[in-house]
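Encoded as structure tokens, the structure appears first; notes follow it.
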Amino acid sequence: MSVNKVILVGNVGKDPEVRYLEKNVAVANFTLATTERGFTMQNGTQVPERTEWQNIVDWGGLAELAEKYIRKGAHLYIEGKIQTKSKKKEGIKRYTTEIY
């Protein structure tokens, strides 16, 4: 048995880009920033704040809701699954991780 589930809470980095595929199926793409606060360790070492950016992909009805209601800076709770894609460009293999 395996589980592919991620829960993110963060801020939207850009307004969703929505496109419509055949049969009028909507797909929305946007980024989400999740930030870990900085802190000071017991020995006095400073650990700086760290922000990670996630690529979010919504399909169908969720994409249409994203188009209507989600805007840059909005605070969101997202549940989804992680999917990694690879693409070869100029002989170099690049990977992209997305949350669906």
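Labeling convention for the structure tokens: chains A, B, ... as they appear, residues from 1 per chain, ligands from 1 in order of appearance.
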
Just the residues within 12 Å of A:Val3, please, counting only C-alpha atoms, with nothing from its chain fewer than 5 positions along; format it as a CSV table (one decimal) with C-alpha atoms, in the first residue's frame.
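Contents of the output file out_3.csv:
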```
chain,number,residue,atom,x,y,z
A,80,GLY,CA,-3.4,17.1,-3.4
A,81,LYS,CA,-1.0,14.6,-4.8
A,82,ILE,CA,2.6,15.1,-6.0
```

Practice task
List every residue of chain A that DSSP, applied to the backbone, labels as alpha helix (DSSP H), and write the result as a list in words.
Solution key: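 Alpha helix (DSSP H) assignments inside chain A correspond to Gly60, Gly61, Leu62, Ala63, Glu64, Leu65, Ala66, Glu67, Lys68 and Tyr69 of chain A.
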
Just all heavy atoms for this one: save the residues we selected as a short mmCIF file (atom, residue, chain, number, x, y, z; two decimals), in the first residue's frame.
```cif
data_model
loop_
_atom_site.label_atom_id
_atom_site.label_comp_id
_atom_site.auth_asym_id
_atom_site.auth_seq_id
_atom_site.Cartn_x
_atom_site.Cartn_y
_atom_site.Cartn_z
N GLY A 60 -10.81 20.95 -14.20
CA GLY A 60 -12.27 20.96 -14.19
C GLY A 60 -12.88 22.04 -13.33
O GLY A 60 -12.53 23.21 -13.42
N GLY A 61 -13.80 21.62 -12.46
CA GLY A 61 -14.51 22.57 -11.60
C GLY A 61 -13.59 23.34 -10.67
O GLY A 61 -13.82 24.52 -10.40
N LEU A 62 -12.56 22.67 -10.15
CA LEU A 62 -11.61 23.38 -9.28
C LEU A 62 -10.88 24.48 -10.04
O LEU A 62 -10.61 25.55 -9.49
CB LEU A 62 -10.60 22.40 -8.68
CG LEU A 62 -11.09 21.53 -7.54
CD1 LEU A 62 -9.99 20.56 -7.10
CD2 LEU A 62 -11.54 22.37 -6.37
N ALA A 63 -10.56 24.22 -11.30
CA ALA A 63 -9.88 25.24 -12.12
C ALA A 63 -10.80 26.44 -12.33
O ALA A 63 -10.36 27.59 -12.29
CB ALA A 63 -9.45 24.65 -13.45
N GLU A 64 -12.08 26.17 -12.55
CA GLU A 64 -13.04 27.27 -12.74
C GLU A 64 -13.20 28.08 -11.46
O GLU A 64 -13.29 29.31 -11.50
CB GLU A 64 -14.38 26.71 -13.21
CG GLU A 64 -14.30 26.14 -14.62
CD GLU A 64 -15.54 25.38 -15.05
OE1 GLU A 64 -16.54 25.36 -14.29
OE2 GLU A 64 -15.51 24.81 -16.16
N LEU A 65 -13.20 27.41 -10.30
CA LEU A 65 -13.26 28.13 -9.03
C LEU A 65 -11.99 28.95 -8.81
O LEU A 65 -12.05 30.09 -8.33
CB LEU A 65 -13.45 27.14 -7.87
CG LEU A 65 -14.83 26.52 -7.74
CD1 LEU A 65 -14.82 25.43 -6.67
CD2 LEU A 65 -15.87 27.57 -7.44
N ALA A 66 -10.86 28.38 -9.16
CA ALA A 66 -9.59 29.12 -9.04
C ALA A 66 -9.63 30.38 -9.89
O ALA A 66 -9.20 31.45 -9.45
CB ALA A 66 -8.42 28.23 -9.46
N GLU A 67 -10.15 30.27 -11.10
CA GLU A 67 -10.23 31.43 -12.00
C GLU A 67 -11.10 32.53 -11.40
O GLU A 67 -10.77 33.71 -11.49
CB GLU A 67 -10.81 30.98 -13.34
CG GLU A 67 -10.89 32.06 -14.39
CD GLU A 67 -11.39 31.54 -15.72
OE1 GLU A 67 -12.25 30.61 -15.74
OE2 GLU A 67 -10.93 32.05 -16.74
N LYS A 68 -12.19 32.15 -10.74
CA LYS A 68 -13.11 33.14 -10.17
C LYS A 68 -12.60 33.77 -8.87
O LYS A 68 -12.77 34.96 -8.66
CB LYS A 68 -14.46 32.48 -9.86
CG LYS A 68 -15.34 32.26 -11.04
CD LYS A 68 -16.67 31.69 -10.58
CE LYS A 68 -17.58 31.42 -11.73
NZ LYS A 68 -18.86 30.84 -11.28
N TYR A 69 -11.99 32.95 -7.99
CA TYR A 69 -11.78 33.41 -6.63
C TYR A 69 -10.34 33.56 -6.17
O TYR A 69 -10.08 34.27 -5.21
CB TYR A 69 -12.51 32.46 -5.65
CG TYR A 69 -13.98 32.42 -5.88
CD1 TYR A 69 -14.59 31.29 -6.40
CD2 TYR A 69 -14.77 33.52 -5.59
CE1 TYR A 69 -15.96 31.23 -6.63
CE2 TYR A 69 -16.14 33.48 -5.81
CZ TYR A 69 -16.73 32.34 -6.33
OH TYR A 69 -18.08 32.31 -6.55
#
```

Problem - Residue nearest A:Glu79 among A:Ile99, A:Val47, A:Ile92, A:Leu32 (counting only C-alpha atoms) - result: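 Result for the nearest residue to A:Glu79: A:Ile99.
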
Handout entry: Polymer residues at most 8 Å from stretch 26-31 of chain A, only C-alpha atoms, same-chain spacing of 6 or more positions, as a ChimeraX atom specification
Key = /A:12-20,53-61,63-64,66-67

Practice task
Can you pull out every residue within 12 Å of stretch 35-38 of chain A, counting only C-alpha atoms, but drop anything in the same chain fewer than 4 positions away, and send it as number ranges by chain?
Solution key: A: 8-12, 45-54, 75

Write a file of the just-selected residues containing N, CA, C and O atoms, as a compact mmCIF listing (two decimals), in the first residue's frame.
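Listing of out-v4.txt after writing:
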```txt
# COMPACT_ATOMS: atom_id res chain seq x y z
N LEU A 8 -0.67 21.61 1.93
CA LEU A 8 0.10 22.85 1.92
C LEU A 8 -0.76 24.00 2.41
O LEU A 8 -1.94 24.08 2.10
N VAL A 9 -0.15 24.90 3.15
CA VAL A 9 -0.78 26.15 3.54
C VAL A 9 0.21 27.25 3.19
O VAL A 9 1.36 27.22 3.63
N GLY A 10 -0.22 28.18 2.35
CA GLY A 10 0.69 29.22 1.92
C GLY A 10 -0.02 30.34 1.20
O GLY A 10 -1.24 30.44 1.24
N ASN A 11 0.78 31.16 0.52
CA ASN A 11 0.26 32.33 -0.20
C ASN A 11 0.45 32.16 -1.70
O ASN A 11 1.50 31.70 -2.15
N VAL A 12 -0.58 32.55 -2.44
CA VAL A 12 -0.56 32.45 -3.89
C VAL A 12 0.46 33.44 -4.45
O VAL A 12 0.46 34.62 -4.09
N THR A 45 23.01 29.84 16.99
CA THR A 45 23.06 29.84 15.53
C THR A 45 21.72 30.31 14.96
O THR A 45 20.67 29.82 15.37
N GLN A 46 21.78 31.26 14.05
CA GLN A 46 20.58 31.78 13.40
C GLN A 46 20.23 30.92 12.18
O GLN A 46 21.07 30.70 11.33
N VAL A 47 19.01 30.46 12.12
CA VAL A 47 18.51 29.73 10.95
C VAL A 47 17.54 30.68 10.24
O VAL A 47 16.53 31.08 10.83
N PRO A 48 17.85 31.08 9.01
CA PRO A 48 17.00 32.08 8.33
C PRO A 48 15.66 31.51 7.86
O PRO A 48 15.50 30.30 7.73
N GLU A 49 14.74 32.44 7.61
CA GLU A 49 13.45 32.07 7.03
C GLU A 49 13.70 31.42 5.68
O GLU A 49 14.61 31.79 4.96
N ARG A 50 12.86 30.43 5.33
CA ARG A 50 13.05 29.70 4.08
C ARG A 50 11.71 29.55 3.36
O ARG A 50 10.75 29.06 3.95
N THR A 51 11.66 29.99 2.11
CA THR A 51 10.44 29.90 1.31
C THR A 51 10.62 28.89 0.19
O THR A 51 11.61 28.91 -0.51
N GLU A 52 9.65 28.01 0.05
CA GLU A 52 9.60 27.03 -1.04
C GLU A 52 8.43 27.40 -1.94
O GLU A 52 7.37 27.81 -1.46
N TRP A 53 8.61 27.24 -3.25
CA TRP A 53 7.56 27.53 -4.22
C TRP A 53 7.06 26.22 -4.82
O TRP A 53 7.85 25.42 -5.29
N GLN A 54 5.74 26.04 -4.80
CA GLN A 54 5.14 24.86 -5.39
C GLN A 54 4.30 25.27 -6.61
O GLN A 54 3.67 26.33 -6.60
N HIS A 75 -4.30 33.61 0.88
CA HIS A 75 -3.80 32.56 1.78
C HIS A 75 -4.65 31.31 1.52
O HIS A 75 -5.88 31.37 1.62
```
